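Student: File name structure_20.cif; file contents mmCIF, C-alpha atoms and all ligand atoms; full text below.
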```
data_work
loop_
_atom_site.label_atom_id
_atom_site.label_comp_id
_atom_site.auth_asym_id
_atom_site.auth_seq_id
_atom_site.Cartn_x
_atom_site.Cartn_y
_atom_site.Cartn_z
CA MET D 1 89.19 77.42 76.95
CA ASN D 2 85.43 77.61 77.46
CA ASN D 3 83.09 78.76 74.69
CA PHE D 4 82.30 82.45 74.78
CA ILE D 5 80.58 85.38 73.14
CA PHE D 6 82.49 88.65 73.14
CA GLN D 7 80.62 91.79 72.27
CA ASN D 8 81.73 95.26 73.28
CA PRO D 9 79.98 98.13 71.55
CA THR D 10 81.86 101.06 73.17
CA LYS D 11 83.90 103.31 70.90
CA ILE D 12 87.07 104.48 72.64
CA ILE D 13 88.84 107.70 71.74
CA PHE D 14 92.17 107.63 73.56
CA GLY D 15 94.99 110.14 73.95
CA LYS D 16 96.13 113.70 74.49
CA ASP D 17 93.81 116.57 73.53
CA THR D 18 90.83 114.33 72.82
CA ILE D 19 88.31 115.95 75.23
CA GLU D 20 87.38 118.52 72.59
CA LYS D 21 86.04 115.76 70.34
CA ILE D 22 83.00 115.25 72.56
CA GLY D 23 80.75 117.81 70.85
CA GLU D 24 81.36 116.30 67.45
CA GLU D 25 80.69 112.77 68.73
CA LEU D 26 77.42 113.83 70.35
CA LYS D 27 76.34 115.56 67.19
CA LYS D 28 77.09 112.48 65.09
CA ASN D 29 74.78 110.56 67.42
CA ASN D 30 71.96 113.09 67.01
CA MET D 31 72.18 114.42 70.56
CA LYS D 32 70.52 117.84 70.71
CA LYS D 33 70.04 118.13 74.44
CA ILE D 34 71.92 116.12 77.06
CA LEU D 35 72.22 115.69 80.81
CA ILE D 36 75.74 116.34 82.08
CA HIS D 37 76.52 114.29 85.19
CA TYR D 38 79.58 114.82 87.40
CA GLY D 39 80.94 114.63 90.93
CA GLY D 40 82.17 117.03 93.56
CA GLY D 41 83.94 119.52 91.35
CA SER D 42 87.40 118.18 90.40
CA ILE D 43 86.45 118.76 86.74
CA LYS D 44 86.01 122.47 87.43
CA LYS D 45 89.45 122.73 89.03
CA ASN D 46 91.39 120.90 86.33
CA GLY D 47 89.71 122.60 83.37
CA VAL D 48 87.88 119.55 81.98
CA TYR D 49 84.46 121.12 82.57
CA ASP D 50 85.28 124.29 80.60
CA ARG D 51 86.75 122.28 77.73
CA VAL D 52 83.61 120.14 77.51
CA ILE D 53 81.24 123.10 77.65
CA SER D 54 83.01 124.96 74.87
CA SER D 55 82.95 121.83 72.68
CA LEU D 56 79.19 121.48 73.33
CA LYS D 57 78.60 125.13 72.48
CA GLU D 58 80.62 124.88 69.27
CA ASN D 59 78.37 122.02 68.20
CA ASP D 60 75.09 123.63 69.31
CA ILE D 61 74.34 121.02 71.93
CA ASP D 62 72.06 122.11 74.72
CA PHE D 63 72.50 120.70 78.23
CA VAL D 64 71.23 120.48 81.79
CA GLU D 65 73.37 119.39 84.75
CA VAL D 66 73.15 117.12 87.76
CA SER D 67 76.33 117.18 89.86
CA GLY D 68 77.44 116.12 93.33
CA VAL D 69 77.88 112.39 92.75
CA LYS D 70 79.80 110.99 95.71
CA PRO D 71 82.31 108.14 95.66
CA ASN D 72 80.24 104.99 96.32
CA PRO D 73 77.40 106.62 94.37
CA ARG D 74 74.02 106.80 96.04
CA LEU D 75 70.57 105.79 94.83
CA SER D 76 69.10 109.16 95.88
CA LYS D 77 71.34 110.96 93.37
CA VAL D 78 70.25 108.51 90.67
CA LEU D 79 66.60 109.30 91.41
CA GLU D 80 67.36 113.03 91.24
CA GLY D 81 69.03 112.48 87.87
CA ILE D 82 66.08 110.52 86.49
CA ALA D 83 63.66 113.26 87.55
CA VAL D 84 65.77 115.97 85.88
CA ALA D 85 66.19 113.85 82.76
CA LYS D 86 62.43 113.30 82.45
CA LYS D 87 61.56 116.93 83.10
CA ASN D 88 63.98 118.22 80.48
CA ASP D 89 63.30 115.85 77.64
CA ILE D 90 66.93 114.95 77.03
CA ASP D 91 68.35 112.73 74.28
CA GLY D 92 71.28 111.24 76.21
CA ILE D 93 73.69 111.52 79.16
CA LEU D 94 77.30 112.66 79.37
CA ALA D 95 79.16 111.35 82.42
CA ILE D 96 82.34 113.24 83.28
CA GLY D 97 84.29 111.53 86.04
CA GLY D 98 85.44 108.22 87.47
CA GLY D 99 83.57 104.99 88.13
CA SER D 100 81.14 106.55 90.58
CA VAL D 101 79.90 109.18 88.14
CA ILE D 102 79.73 106.72 85.25
CA ASP D 103 77.82 104.14 87.30
CA SER D 104 75.39 106.78 88.52
CA ALA D 105 74.88 107.92 84.91
CA LYS D 106 74.23 104.33 83.81
CA ALA D 107 71.57 103.92 86.49
CA ILE D 108 69.92 107.16 85.35
CA ALA D 109 70.11 106.03 81.72
CA GLY D 110 68.41 102.71 82.54
CA GLY D 111 66.08 104.14 85.18
CA PHE D 112 64.72 106.64 82.66
CA TYR D 113 62.75 103.85 80.96
CA TYR D 114 62.34 101.42 83.86
CA GLU D 115 58.76 101.02 85.00
CA ASP D 116 59.30 98.97 88.14
CA ASP D 117 60.92 100.23 91.40
CA ILE D 118 64.46 101.02 90.22
CA TRP D 119 66.14 99.01 92.98
CA ASN D 120 64.65 95.89 91.43
CA ALA D 121 67.06 96.35 88.52
CA PHE D 122 69.81 95.64 91.09
CA ALA D 123 68.03 93.27 93.45
CA THR D 124 66.19 91.03 90.98
CA LYS D 125 66.72 89.53 87.54
CA ASN D 126 64.45 92.21 86.07
CA ARG D 127 67.40 94.22 84.71
CA PHE D 128 67.33 97.37 82.58
CA LYS D 129 66.14 96.50 79.06
CA LYS D 130 66.43 99.92 77.52
CA ALA D 131 68.59 102.94 78.35
CA LEU D 132 69.33 106.44 77.16
CA PRO D 133 72.54 106.66 75.10
CA LEU D 134 75.50 107.24 77.42
CA PHE D 135 78.71 109.13 76.62
CA VAL D 136 81.72 109.28 78.93
CA ILE D 137 84.71 111.47 79.60
CA LEU D 138 86.88 109.43 81.93
CA THR D 139 88.87 111.31 84.58
CA LEU D 140 90.01 108.41 86.76
CA SER D 141 91.15 105.00 85.55
CA ALA D 142 90.17 102.21 87.88
CA THR D 143 86.84 100.49 87.38
CA GLY D 144 86.62 99.78 83.66
CA SER D 145 83.10 101.22 83.80
CA GLU D 146 84.01 103.37 80.78
CA MET D 147 83.87 100.25 78.59
CA ASN D 148 81.53 97.85 80.32
CA GLY D 149 77.85 97.40 81.14
CA ASN D 150 78.07 97.36 84.94
CA ALA D 151 76.76 99.88 87.43
CA VAL D 152 77.36 99.62 91.18
CA ILE D 153 75.05 101.73 93.33
CA THR D 154 74.56 102.09 97.08
CA ASN D 155 71.01 102.08 98.41
CA GLU D 156 71.47 104.27 101.49
CA LYS D 157 68.23 103.07 103.08
CA THR D 158 68.96 99.35 102.94
CA LYS D 159 72.77 99.73 103.14
CA GLN D 160 73.15 97.50 100.08
CA LYS D 161 75.86 98.23 97.53
CA TRP D 162 74.78 96.14 94.59
CA THR D 163 75.53 95.75 90.90
CA THR D 164 73.36 95.65 87.82
CA SER D 165 74.59 94.96 84.32
CA GLY D 166 73.44 94.75 80.75
CA LEU D 167 74.39 95.41 77.15
CA VAL D 168 72.14 98.51 77.14
CA LEU D 169 74.39 100.15 79.76
CA TYR D 170 77.63 100.17 77.74
CA PRO D 171 78.70 103.72 76.88
CA LYS D 172 78.34 104.58 73.21
CA VAL D 173 81.52 106.63 73.16
CA THR D 174 84.21 107.07 75.82
CA ILE D 175 87.01 109.60 75.71
CA ILE D 176 90.12 108.72 77.70
CA ASP D 177 92.66 111.53 77.85
CA PRO D 178 95.32 110.37 80.34
CA THR D 179 96.57 113.94 80.86
CA VAL D 180 93.40 114.85 82.77
CA GLN D 181 94.55 112.34 85.40
CA PHE D 182 97.64 114.41 86.20
CA SER D 183 95.45 116.19 88.75
CA LEU D 184 94.49 113.03 90.66
CA PRO D 185 95.39 112.91 94.34
CA GLU D 186 98.05 110.19 94.81
CA LYS D 187 95.58 108.15 96.84
CA GLN D 188 93.15 107.93 93.90
CA THR D 189 95.87 106.76 91.53
CA ILE D 190 96.76 104.04 94.04
CA ASN D 191 93.11 103.02 94.51
CA GLY D 192 92.76 102.75 90.74
CA ALA D 193 95.86 100.56 90.50
CA VAL D 194 94.59 98.19 93.19
CA ASP D 195 91.15 97.98 91.59
CA THR D 196 92.68 97.12 88.21
CA ILE D 197 94.93 94.43 89.68
CA SER D 198 91.93 93.05 91.55
CA HIS D 199 89.85 92.78 88.37
CA ALA D 200 92.63 90.84 86.66
CA MET D 201 92.93 88.59 89.73
CA GLU D 202 89.18 87.87 89.84
CA TYR D 203 89.55 86.15 86.45
CA TYR D 204 93.02 84.73 87.13
CA PHE D 205 91.86 82.89 90.24
CA ASP D 206 88.43 81.64 89.16
CA GLY D 207 89.61 78.06 88.67
CA THR D 208 89.49 77.95 84.84
CA GLU D 209 92.06 75.62 83.27
CA ASN D 210 93.58 75.86 79.79
CA ASN D 211 93.16 79.60 79.36
CA GLU D 212 96.76 80.50 78.58
CA ILE D 213 96.07 83.63 76.56
CA GLN D 214 93.80 85.08 79.27
CA LEU D 215 96.40 84.30 81.93
CA GLN D 216 99.14 86.02 79.95
CA LEU D 217 96.91 89.03 79.32
CA ALA D 218 96.12 89.26 83.04
CA GLU D 219 99.78 88.92 83.99
CA GLY D 220 100.75 91.60 81.48
CA ILE D 221 98.13 93.94 82.90
CA ILE D 222 99.17 93.35 86.51
CA ARG D 223 102.88 93.86 85.77
CA THR D 224 102.14 96.99 83.76
CA VAL D 225 100.03 98.42 86.56
CA ILE D 226 102.76 97.76 89.12
CA ASN D 227 105.44 99.41 86.96
CA SER D 228 103.28 102.37 85.94
CA THR D 229 102.16 103.05 89.51
CA GLU D 230 105.73 103.08 90.77
CA ILE D 231 106.64 105.63 88.10
CA LEU D 232 103.58 107.78 88.86
CA LEU D 233 104.26 107.90 92.59
CA LYS D 234 107.51 109.69 91.75
CA ASP D 235 106.35 111.53 88.65
CA PRO D 236 102.53 112.02 88.54
CA GLU D 237 102.68 113.78 85.17
CA ASN D 238 104.52 111.01 83.36
CA TYR D 239 102.33 110.63 80.27
CA GLU D 240 103.40 107.13 79.23
CA ALA D 241 102.83 105.73 82.72
CA ARG D 242 99.41 107.43 82.94
CA ALA D 243 98.48 106.09 79.49
CA ASN D 244 99.60 102.56 80.33
CA LEU D 245 97.77 102.56 83.64
CA ALA D 246 94.64 103.96 81.99
CA TRP D 247 94.48 101.42 79.19
CA SER D 248 95.30 98.58 81.59
CA ALA D 249 92.35 99.58 83.76
CA THR D 250 90.00 99.60 80.79
CA LEU D 251 91.23 96.23 79.50
CA ALA D 252 90.97 94.57 82.90
CA LEU D 253 87.19 94.90 83.00
CA ASN D 254 85.90 95.34 79.47
CA GLY D 255 85.12 91.66 78.95
CA LEU D 256 88.47 90.72 77.40
CA LEU D 257 89.81 88.82 80.42
CA SER D 258 86.47 87.16 80.96
CA THR D 259 86.48 85.42 77.56
CA GLY D 260 86.84 81.64 77.85
CA THR D 261 86.85 81.66 81.65
CA LYS D 262 84.17 80.72 84.18
CA GLY D 263 83.41 84.44 84.40
CA GLY D 264 85.58 85.42 87.35
CA ASP D 265 85.34 84.65 91.04
CA TRP D 266 84.10 88.05 92.34
CA ALA D 267 83.86 87.01 96.00
CA SER D 268 86.46 89.62 97.00
CA HIS D 269 84.44 92.28 95.22
CA GLU D 270 81.23 91.20 96.93
CA LEU D 271 82.89 91.26 100.33
CA GLU D 272 84.47 94.64 99.59
CA HIS D 273 81.16 96.13 98.45
CA SER D 274 79.70 95.30 101.86
CA LEU D 275 82.66 97.06 103.47
CA SER D 276 81.98 100.14 101.31
CA ALA D 277 78.22 99.95 101.97
CA LEU D 278 78.62 99.91 105.74
CA PHE D 279 81.72 102.05 106.25
CA ASP D 280 81.93 104.17 103.09
CA VAL D 281 85.43 102.90 102.34
CA ALA D 282 86.93 103.70 98.90
CA HIS D 283 86.65 100.61 96.70
CA GLY D 284 90.39 100.37 95.90
CA GLU D 285 91.28 100.70 99.56
CA GLY D 286 88.80 98.04 100.62
CA LEU D 287 90.13 95.66 97.98
CA ALA D 288 93.73 96.02 99.25
CA ILE D 289 92.39 94.68 102.56
CA ILE D 290 89.87 92.04 101.45
CA PHE D 291 91.51 90.48 98.40
CA PRO D 292 94.70 89.34 100.18
CA ALA D 293 92.55 87.73 102.89
CA TRP D 294 90.54 85.91 100.21
CA LEU D 295 93.80 84.78 98.55
CA LYS D 296 95.16 83.42 101.83
CA TYR D 297 91.91 81.61 102.55
CA ASN D 298 91.64 80.03 99.10
CA TYR D 299 95.14 79.39 97.77
CA ASN D 300 94.92 75.68 98.42
CA GLN D 301 91.92 75.47 96.04
CA HIS D 302 94.24 76.00 93.05
CA ILE D 303 97.87 75.75 94.20
CA GLU D 304 99.40 75.68 90.69
CA ARG D 305 97.74 78.96 89.78
CA PHE D 306 99.10 80.60 92.93
CA ASP D 307 102.57 79.23 92.14
CA ARG D 308 102.32 80.70 88.69
CA PHE D 309 101.18 84.07 90.08
CA ALA D 310 104.23 84.24 92.38
CA LEU D 311 106.56 83.45 89.49
CA LYS D 312 105.03 85.58 86.74
CA ILE D 313 104.24 88.66 88.81
CA PHE D 314 106.95 88.73 91.47
CA ASN D 315 109.58 86.44 89.99
CA ILE D 316 109.42 84.10 92.97
CA ASP D 317 110.04 80.47 92.14
CA THR D 318 107.95 78.57 94.67
CA GLY D 319 109.10 75.22 93.33
CA ASN D 320 105.47 74.04 93.30
CA HIS D 321 105.35 73.62 97.04
CA ALA D 322 101.98 74.22 98.61
CA ILE D 323 103.48 76.18 101.50
CA ASP D 324 105.52 78.41 99.23
CA ALA D 325 102.56 79.22 96.96
CA LYS D 326 101.71 81.78 99.62
CA LEU D 327 104.89 83.75 98.86
CA GLY D 328 103.18 85.47 95.95
CA ILE D 329 100.39 86.62 98.26
CA GLU D 330 102.91 87.97 100.76
CA ALA D 331 104.71 89.82 97.95
CA LEU D 332 101.43 91.41 96.84
CA ILE D 333 100.66 92.54 100.39
CA GLU D 334 104.18 94.00 100.69
CA TRP D 335 103.66 95.92 97.47
CA TYR D 336 100.32 97.28 98.66
CA LYS D 337 102.05 98.43 101.86
CA LYS D 338 104.87 99.98 99.86
CA ILE D 339 102.46 102.11 97.82
CA GLY D 340 100.69 103.19 101.01
CA GLN D 341 97.52 101.09 101.07
CA PRO D 342 96.10 99.71 104.30
CA THR D 343 96.06 95.91 104.21
CA THR D 344 94.06 95.18 107.36
CA LEU D 345 90.59 96.16 108.56
CA SER D 346 91.96 97.47 111.85
CA GLU D 347 93.98 100.10 109.97
CA ILE D 348 90.70 101.65 108.79
CA GLY D 349 89.00 101.36 112.18
CA VAL D 350 86.91 98.25 111.47
CA THR D 351 87.17 95.77 114.33
CA GLU D 352 86.02 92.35 115.49
CA LYS D 353 82.67 93.74 116.69
CA ASP D 354 81.83 94.78 113.10
CA ILE D 355 82.34 91.33 111.60
CA GLU D 356 78.80 90.02 112.09
CA ASN D 357 77.29 93.06 110.38
CA LEU D 358 79.63 92.60 107.46
CA VAL D 359 78.79 88.90 107.20
CA LYS D 360 75.06 89.66 107.29
CA ASN D 361 75.41 92.32 104.63
CA ALA D 362 77.55 90.17 102.33
CA THR D 363 75.49 87.01 102.47
CA GLN D 364 72.20 88.41 101.17
CA LYS D 365 72.99 87.24 97.63
CA GLU D 366 72.17 83.88 96.05
CA TYR D 367 75.81 82.76 96.10
CA ILE D 368 79.30 84.18 96.47
CA GLY D 369 82.44 82.98 94.69
CA ARG D 370 83.32 80.62 91.86
CA LEU D 371 86.71 79.15 92.75
CA LYS D 372 84.98 78.18 95.96
CA ARG D 373 81.32 78.79 96.68
CA LEU D 374 81.58 80.56 100.01
CA THR D 375 79.38 79.57 102.93
CA GLU D 376 78.48 82.07 105.61
CA GLU D 377 81.24 80.56 107.75
CA ASP D 378 83.77 81.04 104.92
CA VAL D 379 82.75 84.69 104.61
CA ARG D 380 83.15 85.17 108.35
CA SER D 381 86.60 83.54 108.25
CA ILE D 382 87.77 85.78 105.40
CA TYR D 383 86.69 88.96 107.19
CA LYS D 384 88.43 87.70 110.33
CA LEU D 385 91.59 86.97 108.37
CA ALA D 386 91.47 90.58 107.18
CA LEU D 387 91.35 92.04 110.71
O1 LIG Q 1 83.90 113.95 92.68
P1 LIG Q 1 85.11 114.60 92.12
O2 LIG Q 1 85.31 115.99 92.64
O3 LIG Q 1 85.17 114.53 90.63
O4 LIG Q 1 86.39 113.81 92.72
C1 LIG Q 1 86.63 112.45 92.45
C2 LIG Q 1 86.33 111.53 93.65
O5 LIG Q 1 86.40 112.24 94.86
C3 LIG Q 1 88.12 112.26 92.28
N1 LIG Q 1 88.58 112.47 90.90
C4 LIG Q 1 88.16 111.81 89.79
N2 LIG Q 1 88.88 112.22 88.72
C5 LIG Q 1 89.75 113.17 89.15
C6 LIG Q 1 89.55 113.34 90.54
N3 LIG Q 1 90.26 114.21 91.27
C7 LIG Q 1 91.19 114.94 90.62
N4 LIG Q 1 91.46 114.81 89.29
C8 LIG Q 1 90.76 113.94 88.54
N5 LIG Q 1 91.05 113.78 87.24
O6 LIG Q 1 88.36 110.91 92.63
C9 LIG Q 1 87.45 110.53 93.66
C10 LIG Q 1 87.01 109.10 93.47
O7 LIG Q 1 86.22 108.97 92.31
P2 LIG Q 1 85.36 107.63 92.04
O8 LIG Q 1 84.63 107.84 90.77
O9 LIG Q 1 84.57 107.28 93.26
O10 LIG Q 1 86.49 106.53 91.90
P3 LIG Q 1 86.54 105.20 91.04
O11 LIG Q 1 86.73 105.50 89.61
O12 LIG Q 1 87.54 104.36 91.72
O13 LIG Q 1 85.07 104.56 91.19
C11 LIG Q 1 84.74 103.77 92.30
C12 LIG Q 1 83.30 103.28 92.22
O14 LIG Q 1 83.09 102.38 91.11
C13 LIG Q 1 82.63 101.10 91.60
C14 LIG Q 1 83.20 101.05 92.97
O15 LIG Q 1 82.58 100.09 93.79
C15 LIG Q 1 82.95 102.48 93.45
O16 LIG Q 1 81.62 102.66 93.83
N6 LIG Q 1 83.02 100.02 90.67
C16 LIG Q 1 82.43 100.00 89.46
C17 LIG Q 1 82.65 98.98 88.56
C18 LIG Q 1 82.02 98.95 87.23
N7 LIG Q 1 81.09 99.84 86.95
O17 LIG Q 1 82.32 98.09 86.42
C19 LIG Q 1 83.52 97.83 88.88
C20 LIG Q 1 84.39 98.06 90.07
O18 LIG Q 1 84.81 96.83 90.58
C21 LIG Q 1 83.77 98.88 91.15
O19 LIG Q 1 82.94 98.12 91.98
ZN ZN Q 2 86.63 96.69 91.35
#
```
Show the structure stored in the file as structure tokens.
Ligand code: NZQ
Ligand code: ZN

Tutor:
Amino acid sequence: MNNFIFQNPTKIIFGKDTIEKIGEELKKNNMKKILIHYGGGSIKKNGVYDRVISSLKENDIDFVEVSGVKPNPRLSKVLEGIAVAKKNDIDGILAIGGGSVIDSAKAIAGGFYYEDDIWNAFATKNRFKKALPLFVILTLSATGSEMNGNAVITNEKTKQKWTTSGLVLYPKVTIIDPTVQFSLPEKQTINGAVDTISHAMEYYFDGTENNEIQLQLAEGIIRTVINSTEILLKDPENYEARANLAWSATLALNGLLSTGTKGGDWASHELEHSLSALFDVAHGEGLAIIFPAWLKYNYNQHIERFDRFALKIFNIDTGNHAIDAKLGIEALIEWYKKIGQPTTLSEIGVTEKDIENLVKNATQKEYIGRLKRLTEEDVRSIYKLAL
């Protein structure tokens, strides 16, 4: 196990009927006036918005709103949020939504104090050093953004979907009430499951040796996600399955699985972000296509780990044969198909003629991948494998 520092400052309030605690939590943190940030309106349909507003009113907390955050959140909305935040002299931000809303709120929180061009917080090492306090009501479990310091934003002008991160971006308090996810369209539940599995796999397949506890945690998360998703596809209001899926998603990307590892591979995420940037694909959908291609391309870099994956996740004994190590990958693809995810680019209308654009978009960064540092040719081959 490698040396590590683990620090996660986010307070989590988890369970049924917890939304109403938000006013009290804001008050405890001296929030008198906040910016409420949300998406396209699901929170108005499922009652979350009304519950939040009455809790704010009960606690005498004033607010302004910026809504309309789209999946794959855009830089223009972040700039709008910063302008509103500055004009209204707010004390903090309350994000109500999934990863897109939370990430947009984080960028506003950091951008509020950032003196340089905000995109430099994503494109350069000059990250956010200070941010407004952020509070979260999570309505979709997938990204782990509710308990981490990452924000992924799309710059519509440059077509770059890039990440920034920092300790200042961790939410102060996050409320996770799994019952508010009863209203999720099936597709969003599935996307969340795939994203969670993918986060666990980024750490699982980064080439670290002697990290037994992290491997077992990752395996436990992946198995739990598979079981919970299968229950939810039949019974979307099953509380225990929702709760297990929700907590798995948080644990998969709150720093826990990263401890003692090389820090994760993340090539599949980088390649998927380019897919989302150019074709506005949902992150969980893009990952169901890209990650299996990355696995197929790289399994011979760490055969034993792929053997172990097949055994621990799908109960397939590959007998430590290089050829059979691929059986676990095939089983994962079959499961993605079973739950209704596309597993090839052609299924979402992306074809051979788009590959060069994807390669160009994905190779703008310093490097991609840890298990294997990917060259431009590797990136091209992985996209082609995904066709
Ligand atoms: O906008 P509304 O109307 O709220 O609808 C949303 C949205 O259309 C809907 N939804 C959310 N909660 C709901 C609901 N519908 C009904 N009932 C509810 N309870 O779901 C749709 C998708 O929401 P979105 O926030 O886009 O999904 P997700 O949570 O999967 O976030 C994806 C974004 O996060 C980034 C992704 O790249 C993508 O941009 N990621 C962020 C990470 C992080 N910050 O650490 C890491 C991830 O790897 C990922 O890259
Ligand atoms: Zn992800």

Student: D:Lys45, D:Lys372, D:Lys365, D:Lys326: which is nearest Glu270 (chain D), counting only C-alpha atoms?

Tutor: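 Ranked by minimum distance to Glu270 (chain D), first place goes to D:Lys365.
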
Student: Around region 274-277 of chain D, fit a box with edges along x, y and z, padding it by 8 Å on each side, then list its centre and edge lengths in Å to one decimal as AutoDock Vina command-line options.

Tutor:
```
--center_x 80.4 --center_y 97.7 --center_z 102.4 --size_x 20.4 --size_y 20.8 --size_z 18.2
```

Student: Which one is closest to Pro185 (chain D): D:Ser228, D:Ser258, D:Ser42, D:Asn298? Count all atoms listed in the file.

Tutor: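 Looking at the shortest contact to Pro185 (chain D), the residue is D:Ser42.
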
Student: What does the list of residues within 7 Å of ligand ZN 2 (chain Q) look like if you count only C-alpha atoms and all ligand atoms, written as an MDAnalysis selection string?

Tutor: chainID D and resid 143 195:196 198:199 269 283:284

Student: Quick one: residues within 7 Å of ligand LIG 1 (chain Q), with all atoms listed in the file, as an NGL selection string?

Tutor: :D and (38-43 or 46 or 68-73 or 97-101 or 103 or 139-145 or 148-153 or 180-185 or 188 or 191-192 or 195 or 199 or 253 or 269 or 273 or 282-284)

Student: Neighbouring residues of Ile34 (chain D) were defined as those with any atom within 9 Å, considering only C-alpha atoms; residues of the same chain fewer than 3 positions away were excluded. Please report them as a PDB file with C-alpha atoms, keeping the file's coordinate frame.

Tutor:
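Writing done, so here's result-v3.pdb:
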```pdb
ATOM      1  CA  LEU D  26      77.420 113.830  70.350  1.00  0.00           C
ATOM      2  CA  MET D  31      72.180 114.420  70.560  1.00  0.00           C
ATOM      3  CA  ILE D  61      74.340 121.020  71.930  1.00  0.00           C
ATOM      4  CA  ASP D  62      72.060 122.110  74.720  1.00  0.00           C
ATOM      5  CA  PHE D  63      72.500 120.700  78.230  1.00  0.00           C
ATOM      6  CA  VAL D  64      71.230 120.480  81.790  1.00  0.00           C
ATOM      7  CA  GLU D  65      73.370 119.390  84.750  1.00  0.00           C
ATOM      8  CA  ALA D  85      66.190 113.850  82.760  1.00  0.00           C
ATOM      9  CA  ASN D  88      63.980 118.220  80.480  1.00  0.00           C
ATOM     10  CA  ASP D  89      63.300 115.850  77.640  1.00  0.00           C
ATOM     11  CA  ILE D  90      66.930 114.950  77.030  1.00  0.00           C
ATOM     12  CA  ASP D  91      68.350 112.730  74.280  1.00  0.00           C
ATOM     13  CA  GLY D  92      71.280 111.240  76.210  1.00  0.00           C
ATOM     14  CA  ILE D  93      73.690 111.520  79.160  1.00  0.00           C
ATOM     15  CA  LEU D  94      77.300 112.660  79.370  1.00  0.00           C
TER      16      LEU D  94
END
```

Student: Could you check the closest approach to Asn155 (chain D) for each of D:Asn227, D:Gln7, D:Ser274, D:Thr250 and tell me which residue wins, using all atoms listed in the file?

Tutor: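 Once distances to Asn155 (chain D) are computed over all atoms listed in the file, the minimum belongs to D:Ser274.
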
Student: Interatomic distance between CA of Glu377 (chain D) and CA of Ala325 (chain D)?

Tutor: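 Pair CA of Glu377 (chain D) / CA of Ala325 (chain D) returns 23.9 Å.
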
Student: Just checking: using all atoms listed in the file, which residue out of D:Ala109, D:Met201, D:Ala121, D:Val48 ends up closest to Val168 (chain D)?

Tutor: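 Under the stated criterion, the closest residue is D:Ala109.
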
Student: What's around Val359 (chain D) at 12 Å? Count all atoms listed in the file, leave out sequence neighbours fewer than 5 positions away in its own chain, and write the answer as a VMD selection string.

Tutor: chain D and resid 270 to 275 278 352 to 354 364 to 365 368 374 to 384

Student: Report, in Å with one decimal, the straight-line distance from CA of His321 (chain D) to CA of Ile213 (chain D).

Tutor: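 A separation of 24.6 Å between them.
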
Student: From the set D:Glu58, D:Thr363, D:Arg242, D:Ala218, which residue has the shortest atom-to-atom contact distance to Arg308 (chain D), counting all atoms listed in the file?

Tutor: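 When distances to Arg308 (chain D) are compared using all atoms listed in the file, the smallest one comes from D:Ala218.
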
Student: Would you list the contacts of Gly264 (chain D) as a list of chain:residue names, taking every protein, DNA or RNA residue within 10 Å and counting all atoms listed in the file, but skipping same-chain residues closer than 4 positions in sequence?

Tutor: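 Here the answer would be D:His199, D:Ala200, D:Met201, D:Glu202, D:Tyr203, D:Tyr204, D:Phe205, D:Asp206, D:Gly207, D:Thr208, D:Leu257, D:Ser258, D:Thr259, D:Gly369, D:Arg370, D:Leu371.
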
Student: Now that the selection is made, can you save its residues with C-alpha atoms as a JSON list (two decimals), in the frame of the given file?

Tutor:
```json
[["chain", "number", "residue", "atom", "x", "y", "z"],
["D", 199, "HIS", "CA", 89.85, 92.78, 88.37],
["D", 200, "ALA", "CA", 92.63, 90.84, 86.66],
["D", 201, "MET", "CA", 92.93, 88.59, 89.73],
["D", 202, "GLU", "CA", 89.18, 87.87, 89.84],
["D", 203, "TYR", "CA", 89.55, 86.15, 86.45],
["D", 204, "TYR", "CA", 93.02, 84.73, 87.13],
["D", 205, "PHE", "CA", 91.86, 82.89, 90.24],
["D", 206, "ASP", "CA", 88.43, 81.64, 89.16],
["D", 207, "GLY", "CA", 89.61, 78.06, 88.67],
["D", 208, "THR", "CA", 89.49, 77.95, 84.84],
["D", 257, "LEU", "CA", 89.81, 88.82, 80.42],
["D", 258, "SER", "CA", 86.47, 87.16, 80.96],
["D", 259, "THR", "CA", 86.48, 85.42, 77.56],
["D", 369, "GLY", "CA", 82.44, 82.98, 94.69],
["D", 370, "ARG", "CA", 83.32, 80.62, 91.86],
["D", 371, "LEU", "CA", 86.71, 79.15, 92.75]]
```

Student: Can you work out the spacing between CA of Tyr49 (chain D) and CA of Ile96 (chain D) in Å, to one decimal?

Tutor: 8.2 Å
